[in-house]
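For reference, query-v2.cif is printed below; it contains mmCIF, C-alpha atoms.
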```cif
data_run
loop_
_atom_site.group_PDB
_atom_site.id
_atom_site.type_symbol
_atom_site.label_atom_id
_atom_site.label_comp_id
_atom_site.auth_asym_id
_atom_site.auth_seq_id
_atom_site.Cartn_x
_atom_site.Cartn_y
_atom_site.Cartn_z
ATOM 1 C CA MET W 28 -0.475 -84.887 8.065
ATOM 2 C CA ARG W 29 3.120 -83.836 7.587
ATOM 3 C CA ALA W 30 3.015 -84.788 3.903
ATOM 4 C CA LEU W 31 -0.254 -82.851 3.416
ATOM 5 C CA ALA W 32 1.245 -79.713 4.965
ATOM 6 C CA THR W 33 4.313 -80.103 2.769
ATOM 7 C CA ARG W 34 2.157 -80.300 -0.347
ATOM 8 C CA ARG W 35 0.166 -77.210 0.725
ATOM 9 C CA ARG W 36 3.353 -75.199 1.262
ATOM 10 C CA ALA W 37 4.633 -76.297 -2.113
ATOM 11 C CA GLY W 38 1.446 -75.082 -3.778
ATOM 12 C CA VAL W 39 1.708 -71.557 -2.321
ATOM 13 C CA PRO W 40 3.589 -69.162 -4.728
ATOM 14 C CA ARG W 41 6.726 -67.630 -3.348
ATOM 15 C CA THR W 42 6.109 -63.831 -3.371
ATOM 16 C CA GLN W 43 8.692 -62.776 -0.818
ATOM 17 C CA GLY W 44 10.774 -59.814 -2.154
ATOM 18 C CA GLN W 45 8.420 -58.966 -5.057
ATOM 19 C CA SER W 46 7.571 -55.500 -3.704
ATOM 20 C CA THR W 47 11.277 -54.731 -3.333
ATOM 21 C CA VAL W 48 11.965 -55.646 -6.937
ATOM 22 C CA GLU W 49 8.999 -53.564 -8.136
ATOM 23 C CA PHE W 50 10.219 -50.587 -6.112
ATOM 24 C CA LEU W 51 13.709 -50.845 -7.607
ATOM 25 C CA LEU W 52 12.340 -51.047 -11.142
ATOM 26 C CA LEU W 53 10.060 -48.066 -10.517
ATOM 27 C CA ALA W 54 12.922 -46.093 -8.986
ATOM 28 C CA LEU W 55 14.992 -46.616 -12.126
ATOM 29 C CA VAL W 56 12.188 -44.966 -14.096
ATOM 30 C CA LEU W 57 11.369 -42.159 -11.659
ATOM 31 C CA LEU W 58 14.896 -41.186 -10.679
ATOM 32 C CA PRO W 59 15.621 -39.394 -14.001
ATOM 33 C CA LEU W 60 12.326 -37.518 -13.603
ATOM 34 C CA PHE W 61 13.354 -36.331 -10.141
ATOM 35 C CA LEU W 62 16.544 -34.971 -11.692
ATOM 36 C CA ILE W 63 14.934 -33.475 -14.798
ATOM 37 C CA VAL W 64 12.035 -31.586 -13.196
ATOM 38 C CA PRO W 65 14.230 -29.298 -11.021
ATOM 39 C CA LEU W 66 16.589 -28.788 -13.964
ATOM 40 C CA LEU W 67 13.709 -27.670 -16.176
ATOM 41 C CA GLY W 68 12.614 -25.241 -13.477
ATOM 42 C CA LYS W 69 16.102 -23.741 -13.316
ATOM 43 C CA GLN W 70 16.246 -23.335 -17.093
ATOM 44 C CA LEU W 71 12.858 -21.609 -17.067
ATOM 45 C CA ASP W 72 14.117 -19.296 -14.317
ATOM 46 C CA ILE W 73 17.137 -18.402 -16.467
ATOM 47 C CA ALA W 74 14.822 -17.704 -19.421
ATOM 48 C CA GLN W 75 12.663 -15.402 -17.285
ATOM 49 C CA THR W 76 15.761 -13.586 -16.082
ATOM 50 C CA ALA W 77 16.883 -13.127 -19.681
ATOM 51 C CA ALA W 78 13.518 -11.520 -20.511
ATOM 52 C CA SER W 79 13.847 -9.094 -17.590
ATOM 53 C CA ALA W 80 17.414 -8.265 -18.588
ATOM 54 C CA SER W 81 16.354 -7.522 -22.173
ATOM 55 C CA ARG W 82 13.867 -4.936 -20.857
ATOM 56 C CA TYR W 83 16.687 -3.271 -18.946
ATOM 57 C CA VAL W 84 18.890 -3.147 -22.059
ATOM 58 C CA ALA W 85 16.047 -1.695 -24.167
ATOM 59 C CA PHE W 86 15.241 1.053 -21.662
ATOM 60 C CA GLU W 87 18.939 1.863 -21.259
ATOM 61 C CA GLY W 88 19.000 2.462 -25.009
ATOM 62 C CA THR W 89 16.273 5.082 -24.732
ATOM 63 C CA VAL W 90 18.420 7.279 -22.478
ATOM 64 C CA ARG W 91 21.901 6.359 -23.686
ATOM 65 C CA HIS W 92 21.494 6.403 -27.457
ATOM 66 C CA GLY W 93 20.762 8.898 -30.189
ATOM 67 C CA SER W 94 20.595 12.562 -29.275
ATOM 68 C CA SER W 95 20.609 11.854 -25.547
ATOM 69 C CA LEU W 96 22.727 14.022 -23.272
ATOM 70 C CA GLN W 97 23.996 10.837 -21.597
ATOM 71 C CA PRO W 98 27.082 9.184 -23.102
ATOM 72 C CA TRP W 99 26.630 6.261 -25.449
ATOM 73 C CA LYS W 100 26.755 2.910 -23.635
ATOM 74 C CA SER W 101 28.453 0.137 -25.591
ATOM 75 C CA ASP W 102 27.236 -3.455 -25.832
ATOM 76 C CA ALA W 103 30.217 -4.559 -23.744
ATOM 77 C CA GLU W 104 29.176 -2.232 -20.906
ATOM 78 C CA LEU W 105 25.564 -3.394 -21.143
ATOM 79 C CA ALA W 106 26.670 -7.039 -21.043
ATOM 80 C CA ASP W 107 28.784 -6.445 -17.923
ATOM 81 C CA GLU W 108 25.867 -4.746 -16.162
ATOM 82 C CA VAL W 109 23.416 -7.496 -17.144
ATOM 83 C CA ARG W 110 25.749 -10.262 -15.935
ATOM 84 C CA ARG W 111 26.263 -8.657 -12.552
ATOM 85 C CA ARG W 112 22.799 -7.235 -11.897
ATOM 86 C CA PHE W 113 20.615 -10.021 -13.308
ATOM 87 C CA PHE W 114 22.602 -13.273 -13.582
ATOM 88 C CA SER W 115 24.693 -12.908 -10.453
ATOM 89 C CA VAL W 116 23.481 -13.205 -6.859
ATOM 90 C CA SER W 117 20.335 -11.268 -5.962
ATOM 91 C CA THR W 118 22.246 -9.263 -3.346
ATOM 92 C CA ALA W 119 24.650 -7.788 -5.904
ATOM 93 C CA PRO W 120 24.988 -4.002 -5.437
ATOM 94 C CA VAL W 121 24.268 -1.603 -8.274
ATOM 95 C CA LYS W 122 27.682 -0.058 -8.882
ATOM 96 C CA THR W 123 29.248 1.506 -11.941
ATOM 97 C CA GLY W 124 31.925 -0.684 -13.482
ATOM 98 C CA ASP W 125 31.085 -3.714 -11.347
ATOM 99 C CA VAL W 126 31.853 -7.006 -13.126
ATOM 100 C CA ALA W 127 30.636 -10.512 -12.251
ATOM 101 C CA GLY W 128 33.394 -13.011 -11.493
ATOM 102 C CA ASP W 129 33.427 -16.728 -12.246
ATOM 103 C CA PHE W 130 33.434 -17.859 -8.615
ATOM 104 C CA ALA W 131 30.826 -19.107 -6.153
ATOM 105 C CA ALA W 132 30.321 -15.798 -4.350
ATOM 106 C CA HIS W 133 29.018 -14.144 -7.544
ATOM 107 C CA ARG W 134 26.990 -17.062 -8.930
ATOM 108 C CA ASN W 135 23.303 -17.712 -8.368
ATOM 109 C CA PRO W 136 23.324 -20.711 -5.980
ATOM 110 C CA LEU W 137 20.144 -22.164 -7.524
ATOM 111 C CA TRP W 138 21.481 -22.406 -11.082
ATOM 112 C CA THR W 139 23.364 -25.670 -10.710
ATOM 113 C CA ASP W 140 22.782 -29.206 -11.985
ATOM 114 C CA HIS W 141 22.310 -32.333 -9.849
ATOM 115 C CA ARG W 142 26.093 -32.588 -9.365
ATOM 116 C CA GLY W 143 26.419 -28.985 -8.179
ATOM 117 C CA ALA W 144 28.108 -27.786 -11.375
ATOM 118 C CA PRO W 145 27.015 -24.262 -12.470
ATOM 119 C CA LEU W 146 24.700 -23.978 -15.463
ATOM 120 C CA LEU W 147 26.503 -20.725 -16.358
ATOM 121 C CA PRO W 148 30.173 -21.636 -15.793
ATOM 122 C CA SER W 149 31.540 -18.484 -17.477
ATOM 123 C CA PHE W 150 29.673 -15.171 -17.378
ATOM 124 C CA ALA W 151 31.570 -13.756 -20.345
ATOM 125 C CA ALA W 152 31.027 -16.847 -22.509
ATOM 126 C CA ASN W 153 27.501 -17.731 -21.419
ATOM 127 C CA VAL W 154 25.784 -14.320 -21.166
ATOM 128 C CA GLY W 155 25.768 -11.556 -23.782
ATOM 129 C CA ALA W 156 23.748 -8.400 -24.448
ATOM 130 C CA SER W 157 23.330 -5.926 -27.294
ATOM 131 C CA SER W 158 21.267 -2.858 -28.104
ATOM 132 C CA ARG W 159 20.313 -1.376 -31.451
ATOM 133 C CA ARG W 160 18.285 1.501 -32.782
ATOM 134 C CA ALA W 161 16.008 1.272 -35.833
ATOM 135 C CA GLU W 162 13.831 3.672 -37.788
ATOM 136 C CA LEU W 163 10.057 3.421 -37.672
ATOM 137 C CA PRO W 164 8.657 4.305 -41.114
ATOM 138 C CA GLN W 165 6.024 7.042 -40.763
ATOM 139 C CA PRO W 166 4.999 8.504 -44.151
ATOM 140 C CA THR W 167 2.843 11.198 -42.536
ATOM 141 C CA GLY W 168 4.846 11.843 -39.406
ATOM 142 C CA ALA W 169 8.125 12.080 -41.319
ATOM 143 C CA VAL W 170 7.101 15.515 -42.614
ATOM 144 C CA PHE W 171 6.671 16.887 -39.112
ATOM 145 C CA ALA W 172 9.726 15.044 -37.755
ATOM 146 C CA SER W 173 12.097 16.436 -40.379
ATOM 147 C CA GLY W 174 10.688 19.932 -40.033
ATOM 148 C CA MET W 175 11.129 19.959 -36.272
ATOM 149 C CA GLY W 176 14.529 18.282 -36.395
ATOM 150 C CA LEU W 177 13.319 15.122 -34.680
ATOM 151 C CA ASP W 178 15.184 11.831 -34.877
ATOM 152 C CA THR W 179 13.084 9.143 -36.572
ATOM 153 C CA HIS W 180 15.244 6.284 -35.244
ATOM 154 C CA ASN W 181 13.042 5.734 -32.210
ATOM 155 C CA LEU W 182 12.776 1.930 -32.010
ATOM 156 C CA HIS W 183 15.184 0.711 -29.331
ATOM 157 C CA THR W 184 15.658 -3.059 -29.093
ATOM 158 C CA GLY W 185 17.486 -4.816 -26.272
ATOM 159 C CA THR W 186 18.692 -8.387 -26.786
ATOM 160 C CA VAL W 187 20.059 -10.813 -24.201
ATOM 161 C CA ARG W 188 21.554 -14.176 -25.160
ATOM 162 C CA VAL W 189 22.231 -16.947 -22.652
ATOM 163 C CA LYS W 190 23.972 -20.252 -23.371
ATOM 164 C CA VAL W 191 23.172 -22.905 -20.765
ATOM 165 C CA ALA W 192 25.851 -25.519 -20.157
ATOM 166 C CA ASP W 193 25.119 -29.171 -20.959
ATOM 167 C CA VAL W 194 24.710 -31.634 -18.083
ATOM 168 C CA ALA W 195 27.069 -34.574 -18.470
ATOM 169 C CA GLY W 196 25.574 -38.015 -17.914
ATOM 170 C CA LEU W 197 21.944 -36.910 -18.127
ATOM 171 C CA VAL W 198 20.325 -37.702 -21.467
ATOM 172 C CA PRO W 199 19.244 -35.622 -23.435
ATOM 173 C CA PHE W 200 20.685 -32.680 -21.479
ATOM 174 C CA ASP W 201 24.234 -33.914 -22.033
ATOM 175 C CA ALA W 202 24.125 -32.747 -25.673
ATOM 176 C CA LEU W 203 21.209 -30.304 -25.657
ATOM 177 C CA GLY W 204 23.151 -27.139 -26.526
ATOM 178 C CA LEU W 205 20.406 -24.937 -25.060
ATOM 179 C CA SER W 206 20.593 -21.280 -26.075
ATOM 180 C CA ILE W 207 18.067 -18.727 -24.784
ATOM 181 C CA GLU W 208 17.508 -15.379 -26.515
ATOM 182 C CA ARG W 209 15.050 -12.685 -25.470
ATOM 183 C CA HIS W 210 14.218 -9.365 -27.141
ATOM 184 C CA THR W 211 12.407 -6.237 -25.953
ATOM 185 C CA THR W 212 11.583 -3.304 -28.266
ATOM 186 C CA VAL W 213 10.557 0.104 -26.950
ATOM 187 C CA LEU W 214 9.023 2.871 -29.079
ATOM 188 C CA VAL W 215 10.045 6.236 -27.674
ATOM 189 C CA ASP W 216 9.518 9.901 -28.392
ATOM 190 C CA PRO W 217 12.801 11.049 -29.978
ATOM 191 C CA TRP W 218 12.513 14.605 -28.710
ATOM 192 C CA SER W 219 11.965 16.158 -25.329
ATOM 193 C CA ALA W 220 11.837 19.898 -24.789
ATOM 194 C CA SER W 221 13.780 21.653 -22.067
ATOM 195 C CA GLY W 222 10.982 24.208 -21.600
ATOM 196 C CA PRO W 223 8.287 26.311 -23.319
ATOM 197 C CA ALA W 224 10.898 28.265 -25.291
ATOM 198 C CA ALA W 225 12.262 25.045 -26.797
ATOM 199 C CA VAL W 226 8.759 23.997 -27.897
ATOM 200 C CA SER W 227 8.062 27.381 -29.461
ATOM 201 C CA GLY W 228 11.441 27.408 -31.214
ATOM 202 C CA ALA W 229 10.927 23.952 -32.683
ATOM 203 C CA LEU W 230 7.504 24.862 -34.072
ATOM 204 C CA ARG W 231 8.604 28.237 -35.443
ATOM 205 C CA ARG W 232 11.781 27.331 -37.263
ATOM 206 C CA GLU W 233 12.895 29.946 -39.785
ATOM 207 C CA ARG W 234 12.951 27.567 -42.712
ATOM 208 C CA TRP W 235 9.246 26.987 -42.195
ATOM 209 C CA SER W 236 8.438 30.608 -42.911
ATOM 210 C CA LEU W 237 7.005 29.941 -46.380
ATOM 211 C CA ASP W 238 6.558 26.197 -46.604
ATOM 212 C CA GLY W 239 6.169 23.133 -44.437
ATOM 213 C CA PRO W 240 3.325 21.863 -42.277
ATOM 214 C CA PHE W 241 3.239 25.092 -40.249
ATOM 215 C CA PRO W 242 3.778 28.033 -42.656
ATOM 216 C CA PHE W 243 3.550 30.688 -39.933
ATOM 217 C CA GLY W 244 5.381 33.309 -41.961
ATOM 218 C CA LEU W 245 3.040 33.068 -44.949
ATOM 219 C CA LEU W 246 -0.075 33.112 -42.766
ATOM 220 C CA GLU W 247 1.153 36.059 -40.715
ATOM 221 C CA ALA W 248 1.799 38.020 -43.905
ATOM 222 C CA ALA W 249 -1.760 37.323 -45.102
ATOM 223 C CA VAL W 250 -3.358 38.279 -41.766
ATOM 224 C CA SER W 251 -1.323 41.477 -41.353
ATOM 225 C CA ALA W 252 -3.227 43.092 -44.240
ATOM 226 C CA LEU W 253 -6.514 42.473 -42.434
ATOM 227 C CA LYS W 254 -5.370 44.616 -39.539
ATOM 228 C CA LEU W 255 -5.950 47.743 -41.681
ATOM 229 C CA ILE W 256 -9.620 46.908 -42.080
ATOM 230 C CA PRO W 257 -11.809 48.256 -39.230
ATOM 231 C CA LEU W 258 -13.504 45.525 -37.286
ATOM 232 C CA VAL W 259 -17.241 45.639 -37.921
ATOM 233 C CA LEU W 260 -18.348 43.193 -35.284
ATOM 234 C CA GLU W 261 -18.098 44.414 -31.739
ATOM 235 C CA GLY W 262 -15.731 42.348 -29.666
ATOM 236 C CA ALA W 263 -14.309 40.554 -32.690
ATOM 237 C CA ALA W 264 -10.573 39.849 -32.803
ATOM 238 C CA LEU W 265 -8.234 38.666 -35.514
ATOM 239 C CA PRO W 266 -6.812 35.165 -35.131
ATOM 240 C CA GLU W 267 -3.420 35.073 -33.466
ATOM 241 C CA ILE W 268 -1.536 33.344 -36.248
ATOM 242 C CA GLY W 269 1.815 32.003 -35.147
ATOM 243 C CA ARG W 270 1.174 32.177 -31.428
ATOM 244 C CA VAL W 271 2.678 29.192 -29.635
ATOM 245 C CA ASP W 272 1.935 28.891 -25.938
ATOM 246 C CA PRO W 273 2.649 25.337 -24.722
ATOM 247 C CA ASP W 274 1.720 26.212 -21.132
ATOM 248 C CA ILE W 275 -1.965 26.797 -21.954
ATOM 249 C CA VAL W 276 -4.147 23.805 -21.069
ATOM 250 C CA PRO W 277 -7.440 23.408 -23.003
ATOM 251 C CA ARG W 278 -10.479 24.220 -20.875
ATOM 252 C CA ASP W 279 -12.085 20.854 -21.485
ATOM 253 C CA ARG W 280 -9.051 19.265 -19.779
ATOM 254 C CA ILE W 281 -9.471 21.340 -16.619
ATOM 255 C CA ARG W 282 -12.137 20.034 -14.312
#
```
Let's see the structure in the file written out as structure tokens.
Amino acid sequence: MRALATRRRAGVPRTQGQSTVEFLLLALVLLPLFLIVPLLGKQLDIAQTAASASRYVAFEGTVRHGSSLQPWKSDAELADEVRRRFFSVSTAPVKTGDVAGDFAAHRNPLWTDHRGAPLLPSFAANVGASSRRAELPQPTGAVFASGMGLDTHNLHTGTVRVKVADVAGLVPFDALGLSIERHTTVLVDPWSASGPAAVSGALRRERWSLDGPFPFGLLEAAVSALKLIPLVLEGAALPEIGRVDPDIVPRDRIR
């Protein structure tokens, strides 16, 4: 009986420790995924922040460029504001001249790799911003724009560039060289009137007296001769050529 039991035990395969080995092999495969998935989420968050920052730079260009009464804001000033207000901590105050520093108190605590190293180690080297103004070709509108003294450079583009640091020891992020760039372009009206008098003055410029899209002077000269002719129709009135009243709202718009 003892020999039979020995033979039976010898015939049973030894499976002790197999599950442990399988777990270790699976962990070697899954561990990089556990490190990569959060890192991808952080890079996507940085890309989304860059898109939001580019909108800020574009809209700043609409009020700080061209014929604006506000002083021109340089790309260096825009970059400093973007670094502090978008790529720093979310509690950063909005202050003029505030600059983000390369220390933990100013960094976003979520933008780190698995070792705790910042993905944006240097604000000045890793984050940049620029703004430019371009002309929108308008063959028809150019006639009115030049006559009214309007600026045709009304395409304002804000650009934000972010260079994400490589993660040492994590392939392929150790030599990825990831660079994120986002653009936002805003089409704006290049002229805003300070009041009804400004609107009337822009439409009735002196050099438009005989030519241009609104030849008020020529039309007024032609209509003035009709004033000598008695009006035959009762209640009839001559057209008010040259009258500009920007405060009048059409009746079909008043309900």
Once the PyMOL selection byres ((chain W and resi 109) around 12) has been applied to the shown file, what residues remain in the selection, as a ChimeraX atom specification? /W:76-85,87,102-108,110-116,119,121-127,150-151,153-157,185-189
Excluding W:Asp72 and residues on its chain fewer than 6 positions from it, collect all residues at most 10 Å away from it, counting all atoms listed in the file, and give them as a ChimeraX atom specification. /W:66,78,137-138
Writing out the chosen residues with C-alpha atoms as a CSV table (one decimal), keeping the file's coordinate frame:
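out_30.csv, freshly written:
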```csv
chain,number,residue,atom,x,y,z
W,66,LEU,CA,16.6,-28.8,-14.0
W,78,ALA,CA,13.5,-11.5,-20.5
W,137,LEU,CA,20.1,-22.2,-7.5
W,138,TRP,CA,21.5,-22.4,-11.1
```
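When only C-alpha atoms are used to measure the gap to W:Asp129, the shortest distance among W:Gln45, W:Ser149, W:Thr179, W:Ser221 belongs to W:Ser149.
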Between atom CA of W:Ala192 and atom CA of W:Pro148 - distance in Å to one decimal: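 Separating atom CA of W:Pro148 from atom CA of W:Ala192 is a distance of 7.3 Å.
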W:Ala229, W:Ala224, W:Leu203, W:Val194 ranked by distance to W:Leu177, top pick (using all atoms listed in the file):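 Answer, going by the shortest atom-to-atom distance: W:Ala229.
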Minimum-distance residue to W:Ser158, chosen among W:Val271, W:Ala131, W:Val213, W:Leu246 (using all atoms listed in the file):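 Looking at the shortest contact to W:Ser158, the residue is W:Val213.
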Can you measure atom CA of W:Thr212 to atom CA of W:Lys190 for me? One decimal in Å is fine.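 Separation of atom CA of W:Thr212 and atom CA of W:Lys190: 21.6 Å.
Here atom CA of W:Phe243 is placed at a distance of 9.0 Å from atom CA of W:Arg270.
Counting only C-alpha atoms, the residue from W:Val64, W:Ile73, W:Leu58, W:Leu230 that sits nearest to W:Glu208 is W:Ile73.
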Please report, as AutoDock Vina command-line options, the centre and edge lengths in Å to one decimal of an axis-aligned box covering all listed atoms of stretch 176-185 of chain W with 4 Å per side.
```
--center_x 15.1 --center_y 6.7 --center_z -31.4 --size_x 12.7 --size_y 31.1 --size_z 18.3
```
Selection: 10 Å around W:Asp216, only C-alpha atoms, excl. self and same-chain fewer than 2 positions, as JSON, numbers by chain: {"W": [89, 177, 178, 179, 180, 181, 182, 213, 214, 218, 219]}
Could you tell me which of W:Ala152, W:Ser227, W:Thr139, W:Thr184 comes closest to W:Phe86 if we count only C-alpha atoms? W:Thr184
I'd like to know which of W:Gly222, W:Gly68, W:Arg209, W:His133 is closest to W:Asp274, using only C-alpha atoms.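 Among the listed residues, the smallest separation from W:Asp274 belongs to W:Gly222.
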